[in-house]
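Below you'll find the structure, written out as C-alpha cells, and then a few comments.
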Amino acid sequence: MTAKQSLFIYVSAAGTARHVGELIDGAVAEGWEVYTVGSENLAMIMLPADLLARPGVHWVSNYGAPPLDRFPFGTMLVAPCTFNTFNKLAHGIGDTLLTAMVADAIGAGLPVFVAPSMNHGLWNHPQTRESHQRLTSWGVQIIEPQISPTRVVMAPIPDVLARIRRHFAES
C-alpha cells in the first residue's frame, strides 16, 4: 500500500477565497492528505471556520501545530494567491506562517504551485511580472489566472484540481 499524496493548500485573502471550500473538498475527494493554512487576513474575506469544519482536512494554524515537526514535505498550492503574497514569495519573505512554509518548501525543492488572483492593475504591475519570472525560474509552477479586461481571477477550481492531479500522476 502506498502513502497518500500530501497537498498543502495555502489560502490568502483574495476575494476568490470564498470558493476555496470547493477546492479543499475536491482535494479530499481525490484521496489526498490535505493540510490547509490560511493567511492572517483571510477573516476579512470569509470566516476561516468555514474551512476548519471541512471533513478530511488538517488545519495548520500555528508553528506548533502538526505536521510542522516533520515539515517540509508534500506538494504546495497557494490558491488564491494575492499580489502581496505573490511578491513576498518571489522575494523570499517569510513573515507569516503561510509565506514561511512556502519559502521553506521552495528552498527544500518541493513542488510548489501558485494560482494568482488579484485586480487587473496589480496583475499588470511591473513587480508582478518580475515576481512571475523569478518564481518560474525557481521551479514554482504558476497556474495562470483567468484574465478579462477588468478582472484577473484564480483559474477555475476544476482546472486547479486537474493541474495537481496531473502532477501527482507524473510523480
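Lettering and numbering for the C-alpha cells are positional, with chains as A, B, ... in the shown order, residues counted from 1 in each chain, and ligands counted from 1 in the shown order.
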*Neighbours of stretch 41-48 of chain A within 8 Å (only C-alpha atoms; same-chain residues fewer than 2 positions away dropped), as a PyMOL selection string?*
chain A and resi 11-15+17-18+38-39+50-52
*Find the residue from A:Arg166, A:Val102, A:Ala155, A:Glu40 that sits nearest to A:Leu135; use only C-alpha atoms when measuring.*
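Closest candidate: A:Val102.
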*atom CA of A:Ile106 and atom CA of A:Thr36 are how many Å apart?*
17.2 Å
_What does the structure give for the distance between atom CA of A:Gly26 and atom CA of A:Val160, in Å to one decimal?_
10.0 Å
*asked:* Here is a test: counting only C-alpha atoms, which residue of A:Gly121, A:Pro111, A:His58, A:His19 is nearest to A:Ile164?
replied: A:Pro111
*Run DSSP on the backbone and grab whatever in chain A lands in helix (DSSP H, G or I); send it over as a PyMOL selection string.*
chain A and resi 15-29+42-44+49-52+83-90+97-107+120-123+126-137+157-170
*List the neighbours of A:Ile93 out to 12 Å using only C-alpha atoms; skip same-chain residues closer than 6 positions along the sequence, and give me the result as a ChimeraX atom specification.*
/A:84-87,99-104,106
Test item: residues at most 12 Å from A:Thr136, only C-alpha atoms, excluding those fewer than 3 positions along its chain, as a CSV table (one decimal) with N, CA and C atoms, in the first residue's frame:
chain,number,residue,atom,x,y,z
A,86,PHE,N,2.1,36.9,-3.5
A,86,PHE,CA,2.9,36.5,-4.7
A,86,PHE,C,4.3,37.2,-4.7
A,89,LEU,N,6.6,35.9,-1.8
A,89,LEU,CA,7.2,34.6,-2.1
A,89,LEU,C,8.4,34.8,-3.1
A,90,ALA,N,8.2,35.7,-4.0
A,90,ALA,CA,9.3,36.0,-5.0
A,90,ALA,C,10.5,36.7,-4.4
A,106,ILE,N,10.0,25.9,-1.0
A,106,ILE,CA,10.8,26.3,-2.2
A,106,ILE,C,12.2,26.0,-2.0
A,111,PRO,N,7.6,20.5,-4.8
A,111,PRO,CA,6.7,21.1,-5.8
A,111,PRO,C,5.8,22.2,-5.2
A,112,VAL,N,5.8,23.4,-5.9
A,112,VAL,CA,5.0,24.5,-5.4
A,112,VAL,C,4.2,25.0,-6.6
A,113,PHE,N,2.9,25.1,-6.4
A,113,PHE,CA,2.0,25.7,-7.4
A,113,PHE,C,1.4,26.9,-6.8
A,114,VAL,N,1.2,28.0,-7.7
A,114,VAL,CA,0.6,29.2,-7.3
A,114,VAL,C,-0.5,29.6,-8.2
A,128,THR,N,4.8,42.4,-10.4
A,128,THR,CA,4.2,41.1,-10.6
A,128,THR,C,4.9,40.4,-11.8
A,129,ARG,N,5.2,41.1,-12.8
A,129,ARG,CA,5.9,40.4,-14.0
A,129,ARG,C,7.2,39.9,-13.5
A,130,GLU,N,8.0,40.7,-12.8
A,130,GLU,CA,9.3,40.3,-12.3
A,130,GLU,C,9.2,39.1,-11.3
A,131,SER,N,8.2,39.1,-10.4
A,131,SER,CA,8.0,38.0,-9.5
A,131,SER,C,7.6,36.8,-10.2
A,132,HIS,N,6.7,36.9,-11.2
A,132,HIS,CA,6.3,35.7,-12.0
A,132,HIS,C,7.5,35.1,-12.7
A,133,GLN,N,8.4,35.9,-13.2
A,133,GLN,CA,9.6,35.4,-13.9
A,133,GLN,C,10.5,34.7,-12.8
A,139,GLY,N,11.4,27.2,-10.3
A,139,GLY,CA,10.6,25.9,-10.4
A,139,GLY,C,9.2,26.0,-9.9
A,140,VAL,N,8.8,27.1,-9.4
A,140,VAL,CA,7.4,27.3,-9.0
A,140,VAL,C,6.5,27.3,-10.2
A,141,GLN,N,5.4,26.5,-10.2
A,141,GLN,CA,4.5,26.4,-11.3
A,141,GLN,C,3.3,27.4,-11.1
A,142,ILE,N,3.2,28.3,-12.0
A,142,ILE,CA,2.1,29.3,-11.9
A,142,ILE,C,0.9,28.7,-12.7
A,143,ILE,N,-0.2,28.6,-12.0
A,143,ILE,CA,-1.5,28.2,-12.6
A,143,ILE,C,-2.1,29.5,-13.1
A,144,GLU,N,-2.0,29.8,-14.3
A,144,GLU,CA,-2.4,31.1,-14.9
A,144,GLU,C,-3.9,31.5,-14.6
_What does the structure give for the distance between atom CA of A:Glu30 and atom CA of A:Ala108, in Å to one decimal?_
25.3 Å
*Which is closest to A:Phe83 among A:Asn119, A:Gln146, A:Ser61, A:Thr96, if we use only C-alpha atoms?*
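Among the listed residues, the smallest separation from A:Phe83 belongs to A:Asn119.
Taking the backbone of this structure through DSSP, the residues of stretch 12-152 of chain A that come out as strand (DSSP E or B) are A:Glu33, A:Val34, A:Tyr35, A:Thr36, A:Val37, A:Gly38, A:Val57, A:His58, A:Trp59, A:Thr75, A:Met76, A:Leu77, A:Val78, A:Ala79, A:Pro80, A:Cys81, A:Val112, A:Phe113, A:Val114, A:Ala115, A:Pro116, A:Met118, A:Asn119, A:Gln141, A:Ile142, A:Gln146, A:Ile147, A:Arg151, A:Val152.
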Okay, now the selection with C-alpha atoms, as a PDB file, in the first residue's frame?
ATOM      1  CA  GLU A  33      -3.901  14.082   2.552  1.00  0.00           C
ATOM      2  CA  VAL A  34      -4.932  17.750   2.749  1.00  0.00           C
ATOM      3  CA  TYR A  35      -3.432  20.374   5.031  1.00  0.00           C
ATOM      4  CA  THR A  36      -4.729  23.931   4.947  1.00  0.00           C
ATOM      5  CA  VAL A  37      -3.101  27.170   6.080  1.00  0.00           C
ATOM      6  CA  GLY A  38      -4.949  30.492   5.962  1.00  0.00           C
ATOM      7  CA  VAL A  57      -8.688  18.471   6.312  1.00  0.00           C
ATOM      8  CA  HIS A  58      -5.880  19.194   8.731  1.00  0.00           C
ATOM      9  CA  TRP A  59      -5.845  22.893   9.621  1.00  0.00           C
ATOM     10  CA  THR A  75       3.085  19.431  -2.648  1.00  0.00           C
ATOM     11  CA  MET A  76       2.287  23.095  -2.014  1.00  0.00           C
ATOM     12  CA  LEU A  77      -0.589  25.043  -3.580  1.00  0.00           C
ATOM     13  CA  VAL A  78      -1.162  28.733  -2.901  1.00  0.00           C
ATOM     14  CA  ALA A  79      -4.749  29.305  -4.016  1.00  0.00           C
ATOM     15  CA  PRO A  80      -5.799  32.005  -4.270  1.00  0.00           C
ATOM     16  CA  CYS A  81      -2.579  33.985  -4.179  1.00  0.00           C
ATOM     17  CA  VAL A 112       5.018  24.492  -5.444  1.00  0.00           C
ATOM     18  CA  PHE A 113       2.004  25.687  -7.424  1.00  0.00           C
ATOM     19  CA  VAL A 114       0.619  29.213  -7.256  1.00  0.00           C
ATOM     20  CA  ALA A 115      -2.827  30.293  -8.506  1.00  0.00           C
ATOM     21  CA  PRO A 116      -2.803  34.115  -8.595  1.00  0.00           C
ATOM     22  CA  MET A 118      -5.701  39.973  -7.889  1.00  0.00           C
ATOM     23  CA  ASN A 119      -7.146  43.018  -9.554  1.00  0.00           C
ATOM     24  CA  GLN A 141       4.531  26.443 -11.339  1.00  0.00           C
ATOM     25  CA  ILE A 142       2.098  29.286 -11.922  1.00  0.00           C
ATOM     26  CA  GLN A 146      -8.496  33.922 -15.961  1.00  0.00           C
ATOM     27  CA  ILE A 147      -7.975  37.399 -17.382  1.00  0.00           C
ATOM     28  CA  ARG A 151     -10.622  41.199 -13.727  1.00  0.00           C
ATOM     29  CA  VAL A 152      -7.867  38.717 -13.003  1.00  0.00           C
TER      30      VAL A 152
END
_Residue among A:Glu170, A:Thr16, A:Pro66, A:Ala53 lying closest to A:Met154, counting only C-alpha atoms_ = A:Thr16
